file input.cif (mmCIF, C-alpha atoms)
data_work
loop_
_atom_site.label_atom_id
_atom_site.label_comp_id
_atom_site.auth_asym_id
_atom_site.auth_seq_id
_atom_site.Cartn_x
_atom_site.Cartn_y
_atom_site.Cartn_z
CA MET U 26 0.00 0.00 0.00
CA LYS U 27 1.09 3.56 -0.52
CA PHE U 28 0.54 6.59 1.70
CA GLY U 29 0.49 10.14 0.36
CA VAL U 30 1.25 12.95 2.81
CA ILE U 31 0.19 16.42 1.69
CA THR U 32 2.43 19.35 2.50
CA PHE U 33 0.59 22.67 2.71
CA PRO U 34 2.46 25.92 3.38
CA GLY U 35 2.67 25.79 7.17
CA SER U 36 2.31 22.02 7.62
CA ASN U 37 4.72 20.87 10.33
CA CYS U 38 3.81 17.25 10.99
CA ASP U 39 4.23 16.06 7.42
CA TYR U 40 7.66 14.55 8.13
CA ASP U 41 6.36 12.83 11.27
CA ALA U 42 3.56 11.21 9.28
CA TYR U 43 5.99 10.28 6.51
CA ALA U 44 8.46 8.73 8.98
CA ALA U 45 5.74 6.80 10.83
CA ALA U 46 4.45 5.23 7.62
CA LYS U 47 7.83 4.61 6.03
CA PHE U 48 10.31 3.79 8.78
CA ILE U 49 8.07 2.37 11.50
CA LEU U 50 5.27 0.77 9.50
CA GLY U 51 7.56 0.02 6.56
CA GLU U 52 5.18 1.01 3.77
CA ASP U 53 5.61 3.22 0.70
CA VAL U 54 5.05 6.94 1.21
CA GLU U 55 5.17 9.99 -1.01
CA PHE U 56 4.95 13.67 -0.22
CA LEU U 57 2.26 15.47 -2.21
CA TRP U 58 2.54 19.23 -2.69
CA HIS U 59 -0.50 21.43 -2.06
CA ALA U 60 -0.18 23.06 -5.50
CA ASP U 61 -0.12 19.72 -7.34
CA SER U 62 -3.23 18.14 -8.71
CA ASP U 63 -2.23 14.50 -8.79
CA LEU U 64 -2.56 12.01 -5.93
CA ARG U 65 -0.09 9.64 -7.66
CA ASN U 66 -2.08 6.49 -7.03
CA CYS U 67 -1.74 6.68 -3.25
CA ASP U 68 -4.12 4.43 -1.30
CA VAL U 69 -4.31 6.62 1.78
CA ILE U 70 -4.05 10.41 1.76
CA ILE U 71 -2.89 11.97 5.03
CA LEU U 72 -3.58 15.64 5.72
CA PRO U 73 -1.00 16.34 8.44
CA GLY U 74 -0.91 18.71 11.38
CA GLY U 75 0.49 22.22 11.35
CA PHE U 76 -0.73 25.72 10.67
CA SER U 77 -1.60 25.74 6.98
CA TYR U 78 -1.68 29.27 5.59
CA GLY U 79 -0.91 30.60 9.05
CA ASP U 80 -4.37 29.58 10.27
CA TYR U 81 -5.59 32.84 8.69
CA LEU U 82 -9.33 33.49 8.73
CA ARG U 83 -10.16 30.14 10.36
CA THR U 84 -8.04 27.01 10.75
CA GLY U 85 -8.12 25.07 7.49
CA ALA U 86 -10.29 27.67 5.74
CA ILE U 87 -7.72 28.64 3.11
CA ALA U 88 -6.04 25.24 2.70
CA ARG U 89 -9.32 23.71 1.58
CA PHE U 90 -9.03 25.76 -1.64
CA SER U 91 -5.53 24.44 -2.45
CA PRO U 92 -5.39 22.82 -5.90
CA ILE U 93 -4.73 19.39 -4.40
CA MET U 94 -7.91 19.57 -2.31
CA LYS U 95 -10.03 19.31 -5.45
CA GLU U 96 -8.42 15.93 -6.05
CA VAL U 97 -8.73 14.92 -2.39
CA ILE U 98 -12.44 15.77 -2.41
CA SER U 99 -13.15 13.75 -5.54
CA PHE U 100 -10.95 10.89 -4.25
CA ALA U 101 -12.91 10.87 -0.97
CA LYS U 102 -16.25 11.03 -2.78
CA SER U 103 -15.33 7.99 -4.83
CA GLY U 104 -14.48 6.02 -1.67
CA GLY U 105 -10.77 6.80 -1.28
CA THR U 106 -9.27 6.71 2.23
CA VAL U 107 -8.45 10.15 3.66
CA TRP U 108 -7.07 10.77 7.14
CA GLY U 109 -6.83 14.25 8.63
CA ILE U 110 -4.79 14.78 11.77
CA CYS U 111 -5.06 18.00 13.81
CA ASN U 112 -4.86 20.78 11.19
CA GLY U 113 -5.69 18.10 8.62
CA PHE U 114 -8.92 17.39 10.53
CA GLN U 115 -9.69 21.12 10.52
CA ILE U 116 -9.19 21.22 6.73
CA LEU U 117 -11.55 18.25 6.26
CA LEU U 118 -14.20 20.03 8.36
CA GLU U 119 -13.83 23.24 6.35
CA SER U 120 -14.03 21.31 3.09
CA GLY U 121 -17.25 19.64 4.16
CA LEU U 122 -15.87 16.09 3.97
CA LEU U 123 -16.58 15.72 7.68
CA PRO U 124 -19.46 17.24 9.69
CA GLY U 125 -18.96 19.99 12.28
CA ALA U 126 -16.52 22.81 12.92
CA MET U 127 -13.77 23.80 15.35
CA LEU U 128 -14.08 26.55 17.92
CA ARG U 129 -11.24 28.09 19.92
CA ASN U 130 -10.28 25.87 22.89
CA ARG U 131 -12.24 26.42 26.05
CA GLY U 132 -9.97 28.61 28.20
CA LEU U 133 -8.24 29.94 25.07
CA ARG U 134 -5.03 28.03 25.83
CA PHE U 135 -2.90 26.20 23.33
CA VAL U 136 -3.04 22.67 24.73
CA CYS U 137 0.09 20.59 24.39
CA GLY U 138 0.79 17.26 26.05
CA HIS U 139 -0.23 13.62 26.26
CA ILE U 140 -3.90 12.86 26.79
CA TYR U 141 -5.96 9.67 26.78
CA LEU U 142 -8.42 8.62 24.13
CA ARG U 143 -11.11 5.98 24.34
CA VAL U 144 -11.88 3.98 21.24
CA GLU U 145 -15.62 4.38 20.64
CA SER U 146 -16.04 2.46 17.39
CA THR U 147 -14.00 -0.24 15.70
CA ASN U 148 -16.00 0.07 12.51
CA SER U 149 -13.34 2.03 10.61
CA ALA U 150 -10.09 1.31 8.80
CA ILE U 151 -8.05 3.12 11.49
CA THR U 152 -9.70 1.41 14.48
CA ARG U 153 -10.60 -2.04 13.16
CA GLU U 154 -7.67 -3.75 14.92
CA LEU U 155 -8.47 -2.10 18.26
CA GLU U 156 -11.11 -2.94 20.84
CA ARG U 157 -14.00 -0.73 21.77
CA GLY U 158 -13.10 0.86 25.13
CA ASP U 159 -9.34 0.61 24.59
CA THR U 160 -7.52 3.66 25.90
CA LEU U 161 -4.68 5.19 23.91
CA ARG U 162 -2.06 7.62 25.19
CA ILE U 163 -1.52 10.19 22.44
CA PRO U 164 -0.23 13.78 22.31
CA VAL U 165 -2.36 16.80 21.42
CA ALA U 166 -1.09 20.22 20.35
CA HIS U 167 -3.67 22.77 19.21
CA SER U 168 -5.53 26.02 19.89
CA ASP U 169 -8.69 25.26 17.94
CA GLY U 170 -9.78 21.77 18.83
CA ASN U 171 -13.09 22.51 20.50
CA TYR U 172 -15.32 20.38 18.29
CA PHE U 173 -18.83 21.64 17.64
CA VAL U 174 -21.75 20.35 15.64
CA ASP U 175 -25.46 21.10 15.97
CA LYS U 176 -27.72 18.75 17.87
CA ARG U 177 -29.37 17.25 14.83
CA ALA U 178 -26.04 16.44 13.18
CA LEU U 179 -24.68 15.04 16.44
CA ASP U 180 -27.67 12.73 16.82
CA ARG U 181 -27.18 11.57 13.26
CA MET U 182 -23.47 10.93 13.89
CA LYS U 183 -24.27 8.86 16.97
CA GLU U 184 -26.89 6.91 15.07
CA GLN U 185 -24.37 6.22 12.29
CA ASP U 186 -21.59 5.29 14.75
CA GLN U 187 -19.34 8.05 13.41
CA ILE U 188 -17.63 8.97 16.69
CA LEU U 189 -14.33 7.07 16.72
CA PHE U 190 -12.54 8.58 19.74
CA ARG U 191 -13.46 10.49 22.90
CA TYR U 192 -11.16 12.16 25.43
CA CYS U 193 -11.01 10.20 28.68
CA THR U 194 -8.96 9.61 31.82
CA ARG U 195 -6.18 7.05 32.04
CA ASN U 196 -8.83 4.55 33.14
CA GLY U 197 -11.12 5.31 30.26
CA GLU U 198 -13.63 7.46 32.14
CA MET U 199 -15.24 10.21 30.14
CA VAL U 200 -15.23 13.17 32.53
CA ASP U 201 -15.06 16.88 31.84
CA SER U 202 -11.63 17.27 33.45
CA ALA U 203 -10.17 14.85 30.87
CA ASN U 204 -11.46 16.97 28.00
CA PRO U 205 -8.53 19.22 27.03
CA ASN U 206 -10.37 21.70 24.82
CA GLY U 207 -14.08 21.67 25.63
CA SER U 208 -15.11 19.53 22.67
CA LEU U 209 -18.79 18.72 22.51
CA ASP U 210 -19.45 15.29 23.99
CA SER U 211 -15.64 14.91 24.48
CA ILE U 212 -15.31 14.14 20.76
CA ALA U 213 -11.69 13.72 19.64
CA GLY U 214 -12.08 11.88 16.35
CA ILE U 215 -14.82 11.07 13.85
CA CYS U 216 -15.47 9.58 10.42
CA ASN U 217 -17.93 10.37 7.64
CA GLU U 218 -21.06 8.32 6.97
CA ALA U 219 -19.36 6.35 4.21
CA ARG U 220 -16.55 5.54 6.73
CA ASN U 221 -13.65 6.34 4.40
CA VAL U 222 -12.74 9.82 5.72
CA PHE U 223 -11.29 10.15 9.23
CA GLY U 224 -10.43 13.18 11.30
CA MET U 225 -8.85 13.45 14.75
CA MET U 226 -7.19 16.20 16.80
CA PRO U 227 -4.58 14.03 18.63
CA HIS U 228 -1.37 13.08 16.85
CA PRO U 229 -0.89 9.30 16.37
CA GLU U 230 2.11 9.94 14.09
CA ARG U 231 3.96 11.43 17.08
CA CYS U 232 3.70 8.27 19.18
CA VAL U 233 4.74 5.33 17.06
CA GLU U 234 7.62 3.92 19.13
CA SER U 235 8.25 3.70 22.84
CA ILE U 236 11.20 6.11 22.74
CA LEU U 237 8.63 8.79 21.85
CA GLY U 238 6.75 8.16 25.10
CA SER U 239 4.06 5.96 23.60
CA ALA U 240 3.64 3.61 20.67
CA ASP U 241 -0.16 3.69 20.75
CA GLY U 242 -0.39 5.71 17.55
CA LEU U 243 1.19 2.88 15.60
CA ARG U 244 -1.90 0.77 16.27
CA LEU U 245 -3.93 3.08 14.02
CA PHE U 246 -1.37 2.86 11.22
CA ALA U 247 -1.28 -0.94 11.62
CA SER U 248 -5.08 -1.06 11.45
CA LEU U 249 -5.01 0.80 8.16
CA ARG U 250 -2.42 -1.57 6.76
CA GLN U 251 -4.50 -4.57 7.78
CA HIS U 252 -7.52 -3.00 6.08
CA PHE U 253 -5.61 -2.70 2.80
CA ARG U 254 -3.98 -6.14 3.03
CA GLN U 255 -7.37 -7.72 3.42
CA ARG U 256 -8.75 -5.71 0.54
CA VAL U 257 -5.95 -6.86 -1.73
CA SER U 258 -6.36 -10.53 -0.81
CA ALA U 259 -10.16 -10.38 -1.08
CA MET A 2 -18.13 50.49 -3.69
CA LYS A 3 -17.47 49.26 -0.19
CA ALA A 4 -18.97 46.23 1.44
CA THR A 5 -18.73 45.67 5.16
CA VAL A 6 -19.16 42.09 6.30
CA ARG A 7 -19.74 41.33 9.93
CA VAL A 8 -19.23 37.70 11.00
CA GLU A 9 -20.30 36.42 14.41
CA LEU A 10 -20.81 33.04 16.01
CA LYS A 11 -24.42 31.89 15.81
CA ASP A 12 -26.58 32.24 18.89
CA GLY A 13 -26.12 29.20 21.09
CA VAL A 14 -22.57 28.46 19.87
CA LEU A 15 -20.07 28.81 22.72
CA ASP A 16 -17.75 31.77 22.25
CA PRO A 17 -14.66 31.10 24.41
CA GLN A 18 -13.14 34.49 23.53
CA GLY A 19 -16.35 36.31 24.44
CA VAL A 20 -16.55 34.47 27.77
CA THR A 21 -12.92 35.30 28.61
CA ILE A 22 -13.33 38.97 27.69
CA ARG A 23 -16.51 39.16 29.76
CA ASN A 24 -14.75 37.66 32.79
CA ALA A 25 -11.88 40.13 32.40
CA LEU A 26 -14.30 43.05 32.26
CA VAL A 27 -16.09 41.89 35.40
CA ASP A 28 -12.72 41.50 37.18
CA MET A 29 -11.79 45.03 36.10
CA GLY A 30 -14.82 46.45 37.85
CA TYR A 31 -17.56 46.27 35.22
CA PRO A 32 -20.03 43.86 36.83
CA GLU A 33 -22.80 45.25 34.65
CA VAL A 34 -21.51 43.26 31.66
CA GLY A 35 -23.79 40.28 31.29
CA SER A 36 -22.22 38.68 28.24
CA VAL A 37 -19.82 39.44 25.40
CA ARG A 38 -19.93 37.96 21.92
CA SER A 39 -16.87 38.40 19.72
CA GLY A 40 -16.74 38.55 15.95
CA ARG A 41 -14.87 40.10 13.06
CA ILE A 42 -15.40 42.71 10.41
CA PHE A 43 -14.15 42.60 6.81
CA THR A 44 -14.16 45.68 4.61
CA LEU A 45 -14.12 44.85 0.90
CA ASP A 46 -13.54 47.19 -2.02
CA VAL A 47 -15.79 45.76 -4.70
CA ASP A 48 -16.07 46.64 -8.35
CA ALA A 49 -19.76 46.14 -9.25
CA ASP A 50 -22.55 47.65 -11.37
CA GLY A 51 -24.77 48.40 -8.44
CA SER A 52 -25.18 47.68 -4.77
CA ALA A 53 -27.64 44.85 -5.43
CA SER A 54 -25.22 42.92 -7.61
CA ALA A 55 -22.37 43.67 -5.21
CA LYS A 56 -24.43 42.30 -2.37
CA THR A 57 -25.25 39.11 -4.26
CA ARG A 58 -21.57 38.47 -4.94
CA VAL A 59 -20.48 39.27 -1.38
CA GLU A 60 -23.21 37.00 -0.07
CA GLU A 61 -21.67 34.17 -2.07
CA MET A 62 -18.20 35.05 -0.72
CA CYS A 63 -19.59 34.84 2.81
CA ARG A 64 -21.10 31.44 2.23
CA ARG A 65 -18.00 30.05 0.55
CA LEU A 66 -15.16 31.58 2.55
CA LEU A 67 -15.68 34.51 4.91
CA ALA A 68 -18.00 32.66 7.29
CA ASN A 69 -18.34 29.02 8.25
CA PRO A 70 -22.10 28.41 8.12
CA VAL A 71 -21.81 25.55 10.63
CA ILE A 72 -20.96 27.97 13.44
CA GLU A 73 -21.17 31.51 12.11
CA LYS A 74 -23.74 34.03 10.85
CA TYR A 75 -23.05 37.21 8.89
CA THR A 76 -24.53 40.54 7.86
CA ILE A 77 -23.53 42.57 4.81
CA GLU A 78 -23.71 46.32 4.33
CA VAL A 79 -22.93 47.87 0.94
CA ILE A 80 -22.06 51.56 0.64
CA GLU A 81 -21.89 53.18 -2.83
#
call {"tool": "encode", "arguments": {"input": "input.cif", "output": "structure tokens"}}
result
Amino acid sequence: MKFGVITFPGSNCDYDAYAAAKFILGEDVEFLWHADSDLRNCDVIILPGGFSYGDYLRTGAIARFSPIMKEVISFAKSGGTVWGICNGFQILLESGLLPGAMLRNRGLRFVCGHIYLRVESTNSAITRELERGDTLRIPVAHSDGNYFVDKRALDRMKEQDQILFRYCTRNGEMVDSANPNGSLDSIAGICNEARNVFGMMPHPERCVESILGSADGLRLFASLRQHFRQRVSA
Amino acid sequence: MKATVRVELKDGVLDPQGVTIRNALVDMGYPEVGSVRSGRIFTLDVDADGSASAKTRVEEMCRRLLANPVIEKYTIEVIE
């Protein structure tokens, strides 16, 4: 399988995502430039973290009009796998590939550190090898991660099992004090209804080996690989 | 002509900046402030045939870029 990591002006986690896929997972990876309009037959497109276009206007608001996003949107609409991490998630929200929007963090602080996530659904390519209720220790680093969606859309997302991760304590309890940014319903990661587009604020690419403080992020990459292996052999 | 676009969070959407500013004002000795909502203003120089057509175009710009309809609302004022 081949990963494609998009570099926007201001991306700063593109090399982390590249290294995780290439050196830790051992799969093919290519960088894709925001001004290109070719996804070069990649199986998974990663929109990495960072501050694309300086976060001007709203996070992700300008990046969604990059030439490559036209391709990403049509790839996603035809069933292609797209994974947005942090700023990448914000871009997917702005582009309408995922429901909802980001508000400034509750308390206005940039939050930076390891938090815990609870796996809420295993019905996705990035969580299929995990167990529902598993807790993952993963870093966050953002100012605008306060997820919001209106009540009707939230009900629909719950009904469609689109919430993949929630913020929790080390023991997996979902309490307000474990929510680093005020996200509605402690939502940390979601997917679309067709289950091929994923977005999450925490950074799995930053915790793929124990020397980095946690290797929990690798489990998501390994899930994706398993998903594609099975697809090839099917 | 000039178009002024005012973008604010929709009613009912939490405004963390507004809350923080309100708390600061109360701490500074302005307990009469009940709530603060923050927003932003864009001033656009627009080349258009008339204010109606300018407004139609700016409306589209608001929907597509200047505001995020999931969380924000906007008002437009066009001055010849």
call {"tool": "resolve_selection", "arguments": {"input": "input.cif", "expression": "the PyMOL selection byres ((chain A) within 10 of (chain U))", "output": "ChimeraX atom specification"}}
result
/A:10,13-18,20-21,41,65-73
call {"tool": "write_last_selection", "arguments": {"input": "input.cif", "atoms": "C-alpha atoms", "output": "PDB file, in the coordinates of the input"}}
result
ATOM      1  CA  LEU A  10     -20.810  33.040  16.010  1.00  0.00           C
ATOM      2  CA  GLY A  13     -26.120  29.200  21.090  1.00  0.00           C
ATOM      3  CA  VAL A  14     -22.570  28.460  19.870  1.00  0.00           C
ATOM      4  CA  LEU A  15     -20.070  28.810  22.720  1.00  0.00           C
ATOM      5  CA  ASP A  16     -17.750  31.770  22.250  1.00  0.00           C
ATOM      6  CA  PRO A  17     -14.660  31.100  24.410  1.00  0.00           C
ATOM      7  CA  GLN A  18     -13.140  34.490  23.530  1.00  0.00           C
ATOM      8  CA  VAL A  20     -16.550  34.470  27.770  1.00  0.00           C
ATOM      9  CA  THR A  21     -12.920  35.300  28.610  1.00  0.00           C
ATOM     10  CA  ARG A  41     -14.870  40.100  13.060  1.00  0.00           C
ATOM     11  CA  ARG A  65     -18.000  30.050   0.550  1.00  0.00           C
ATOM     12  CA  LEU A  66     -15.160  31.580   2.550  1.00  0.00           C
ATOM     13  CA  LEU A  67     -15.680  34.510   4.910  1.00  0.00           C
ATOM     14  CA  ALA A  68     -18.000  32.660   7.290  1.00  0.00           C
ATOM     15  CA  ASN A  69     -18.340  29.020   8.250  1.00  0.00           C
ATOM     16  CA  PRO A  70     -22.100  28.410   8.120  1.00  0.00           C
ATOM     17  CA  VAL A  71     -21.810  25.550  10.630  1.00  0.00           C
ATOM     18  CA  ILE A  72     -20.960  27.970  13.440  1.00  0.00           C
ATOM     19  CA  GLU A  73     -21.170  31.510  12.110  1.00  0.00           C
TER      20      GLU A  73
END
call {"tool": "resolve_selection", "arguments": {"input": "input.cif", "expression": "the PyMOL selection byres ((chain U and resi 75) around 12)", "output": "JSON, numbers by chain"}}
result
{"U": [31, 32, 33, 34, 35, 36, 37, 38, 39, 40, 41, 42, 72, 73, 74, 76, 77, 78, 79, 80, 84, 85, 88, 109, 110, 111, 112, 113, 114, 115, 116, 165, 166, 167, 168, 169, 226, 228]}
call {"tool": "write_last_selection", "arguments": {"input": "input.cif", "atoms": "C-alpha atoms", "output": "mmCIF file, keeping the file's coordinate frame"}}
result
data_model
loop_
_atom_site.group_PDB
_atom_site.id
_atom_site.type_symbol
_atom_site.label_atom_id
_atom_site.label_comp_id
_atom_site.auth_asym_id
_atom_site.auth_seq_id
_atom_site.Cartn_x
_atom_site.Cartn_y
_atom_site.Cartn_z
ATOM 1 C CA ILE U 31 0.190 16.420 1.690
ATOM 2 C CA THR U 32 2.430 19.350 2.500
ATOM 3 C CA PHE U 33 0.590 22.670 2.710
ATOM 4 C CA PRO U 34 2.460 25.920 3.380
ATOM 5 C CA GLY U 35 2.670 25.790 7.170
ATOM 6 C CA SER U 36 2.310 22.020 7.620
ATOM 7 C CA ASN U 37 4.720 20.870 10.330
ATOM 8 C CA CYS U 38 3.810 17.250 10.990
ATOM 9 C CA ASP U 39 4.230 16.060 7.420
ATOM 10 C CA TYR U 40 7.660 14.550 8.130
ATOM 11 C CA ASP U 41 6.360 12.830 11.270
ATOM 12 C CA ALA U 42 3.560 11.210 9.280
ATOM 13 C CA LEU U 72 -3.580 15.640 5.720
ATOM 14 C CA PRO U 73 -1.000 16.340 8.440
ATOM 15 C CA GLY U 74 -0.910 18.710 11.380
ATOM 16 C CA PHE U 76 -0.730 25.720 10.670
ATOM 17 C CA SER U 77 -1.600 25.740 6.980
ATOM 18 C CA TYR U 78 -1.680 29.270 5.590
ATOM 19 C CA GLY U 79 -0.910 30.600 9.050
ATOM 20 C CA ASP U 80 -4.370 29.580 10.270
ATOM 21 C CA THR U 84 -8.040 27.010 10.750
ATOM 22 C CA GLY U 85 -8.120 25.070 7.490
ATOM 23 C CA ALA U 88 -6.040 25.240 2.700
ATOM 24 C CA GLY U 109 -6.830 14.250 8.630
ATOM 25 C CA ILE U 110 -4.790 14.780 11.770
ATOM 26 C CA CYS U 111 -5.060 18.000 13.810
ATOM 27 C CA ASN U 112 -4.860 20.780 11.190
ATOM 28 C CA GLY U 113 -5.690 18.100 8.620
ATOM 29 C CA PHE U 114 -8.920 17.390 10.530
ATOM 30 C CA GLN U 115 -9.690 21.120 10.520
ATOM 31 C CA ILE U 116 -9.190 21.220 6.730
ATOM 32 C CA VAL U 165 -2.360 16.800 21.420
ATOM 33 C CA ALA U 166 -1.090 20.220 20.350
ATOM 34 C CA HIS U 167 -3.670 22.770 19.210
ATOM 35 C CA SER U 168 -5.530 26.020 19.890
ATOM 36 C CA ASP U 169 -8.690 25.260 17.940
ATOM 37 C CA MET U 226 -7.190 16.200 16.800
ATOM 38 C CA HIS U 228 -1.370 13.080 16.850
#
call {"tool": "residues_around", "arguments": {"input": "input.cif", "residues": "Ala53 (chain A)", "least_positions_apart": "3", "cutoff": "12 Å", "atoms": "all atoms listed in the file", "output": "number ranges by chain"}}
result
A: 2, 4, 47, 49-50, 56-60, 77-81
call {"tool": "write_last_selection", "arguments": {"input": "input.cif", "atoms": "C-alpha atoms", "output": "tab-separated table (two decimals), in the coordinates of the input"}}
result
chain	number	residue	atom	x	y	z
A	2	MET	CA	-18.13	50.49	-3.69
A	4	ALA	CA	-18.97	46.23	1.44
A	47	VAL	CA	-15.79	45.76	-4.70
A	49	ALA	CA	-19.76	46.14	-9.25
A	50	ASP	CA	-22.55	47.65	-11.37
A	56	LYS	CA	-24.43	42.30	-2.37
A	57	THR	CA	-25.25	39.11	-4.26
A	58	ARG	CA	-21.57	38.47	-4.94
A	59	VAL	CA	-20.48	39.27	-1.38
A	60	GLU	CA	-23.21	37.00	-0.07
A	77	ILE	CA	-23.53	42.57	4.81
A	78	GLU	CA	-23.71	46.32	4.33
A	79	VAL	CA	-22.93	47.87	0.94
A	80	ILE	CA	-22.06	51.56	0.64
A	81	GLU	CA	-21.89	53.18	-2.83
call {"tool": "atom_distance", "arguments": {"input": "input.cif", "atom1": "CA of Arg64 (chain A)", "atom2": "CA of Thr106 (chain U)"}}
result
27.4 Å
call {"tool": "residues_around", "arguments": {"input": "input.cif", "residues": "Ile22 (chain A)", "least_positions_apart": "4", "cutoff": "9 Å", "atoms": "only C-alpha atoms", "output": "list of chain:residue names"}}
result
A:Pro17, A:Gln18, A:Leu26, A:Val27, A:Ser36, A:Val37, A:Arg38, A:Ser39
call {"tool": "resolve_selection", "arguments": {"input": "input.cif", "expression": "the PyMOL selection byres ((chain U and resi 56) around 7)", "output": "mmCIF file with C-alpha atoms, in the coordinates of the input"}}
result
data_model
loop_
_atom_site.group_PDB
_atom_site.id
_atom_site.type_symbol
_atom_site.label_atom_id
_atom_site.label_comp_id
_atom_site.auth_asym_id
_atom_site.auth_seq_id
_atom_site.Cartn_x
_atom_site.Cartn_y
_atom_site.Cartn_z
ATOM 1 C CA GLY U 29 0.490 10.140 0.360
ATOM 2 C CA VAL U 30 1.250 12.950 2.810
ATOM 3 C CA ILE U 31 0.190 16.420 1.690
ATOM 4 C CA THR U 32 2.430 19.350 2.500
ATOM 5 C CA VAL U 54 5.050 6.940 1.210
ATOM 6 C CA GLU U 55 5.170 9.990 -1.010
ATOM 7 C CA LEU U 57 2.260 15.470 -2.210
ATOM 8 C CA TRP U 58 2.540 19.230 -2.690
#
call {"tool": "atom_distance", "arguments": {"input": "input.cif", "atom1": "CA of Thr44 (chain A)", "atom2": "CA of Lys11 (chain A)"}}
result
20.5 Å
call {"tool": "residues_around", "arguments": {"input": "input.cif", "residues": "Glu96 (chain U)", "least_positions_apart": "6", "cutoff": "9 Å", "atoms": "only C-alpha atoms", "output": "list in words"}}
result
Ser62, Asp63 and Leu64 of chain U
call {"tool": "atom_distance", "arguments": {"input": "input.cif", "atom1": "CA of Glu9 (chain A)", "atom2": "CA of Asn206 (chain U)"}}
result
20.6 Å
call {"tool": "residues_around", "arguments": {"input": "input.cif", "residues": "region 189-199 of chain U", "least_positions_apart": "3", "cutoff": "12 Å", "atoms": "only C-alpha atoms", "output": "VMD selection string"}}
result
chain U and resid 139 to 153 155 to 165 170 to 172 182 to 183 185 to 186 202 to 218 220 222 to 227 245
call {"tool": "decode", "arguments": {"input": "input.cif", "residues": "region 40-54 of chain U", "atoms": "C-alpha atoms", "output": "short mmCIF file (atom, residue, chain, number, x, y, z; two decimals), in the first residue's frame"}}
result
data_model
loop_
_atom_site.label_atom_id
_atom_site.label_comp_id
_atom_site.auth_asym_id
_atom_site.auth_seq_id
_atom_site.Cartn_x
_atom_site.Cartn_y
_atom_site.Cartn_z
CA TYR U 40 7.66 14.55 8.13
CA ASP U 41 6.36 12.83 11.27
CA ALA U 42 3.56 11.21 9.28
CA TYR U 43 5.99 10.28 6.51
CA ALA U 44 8.46 8.73 8.98
CA ALA U 45 5.74 6.80 10.83
CA ALA U 46 4.45 5.23 7.62
CA LYS U 47 7.83 4.61 6.03
CA PHE U 48 10.31 3.79 8.78
CA ILE U 49 8.07 2.37 11.50
CA LEU U 50 5.27 0.77 9.50
CA GLY U 51 7.56 0.02 6.56
CA GLU U 52 5.18 1.01 3.77
CA ASP U 53 5.61 3.22 0.70
CA VAL U 54 5.05 6.94 1.21
#
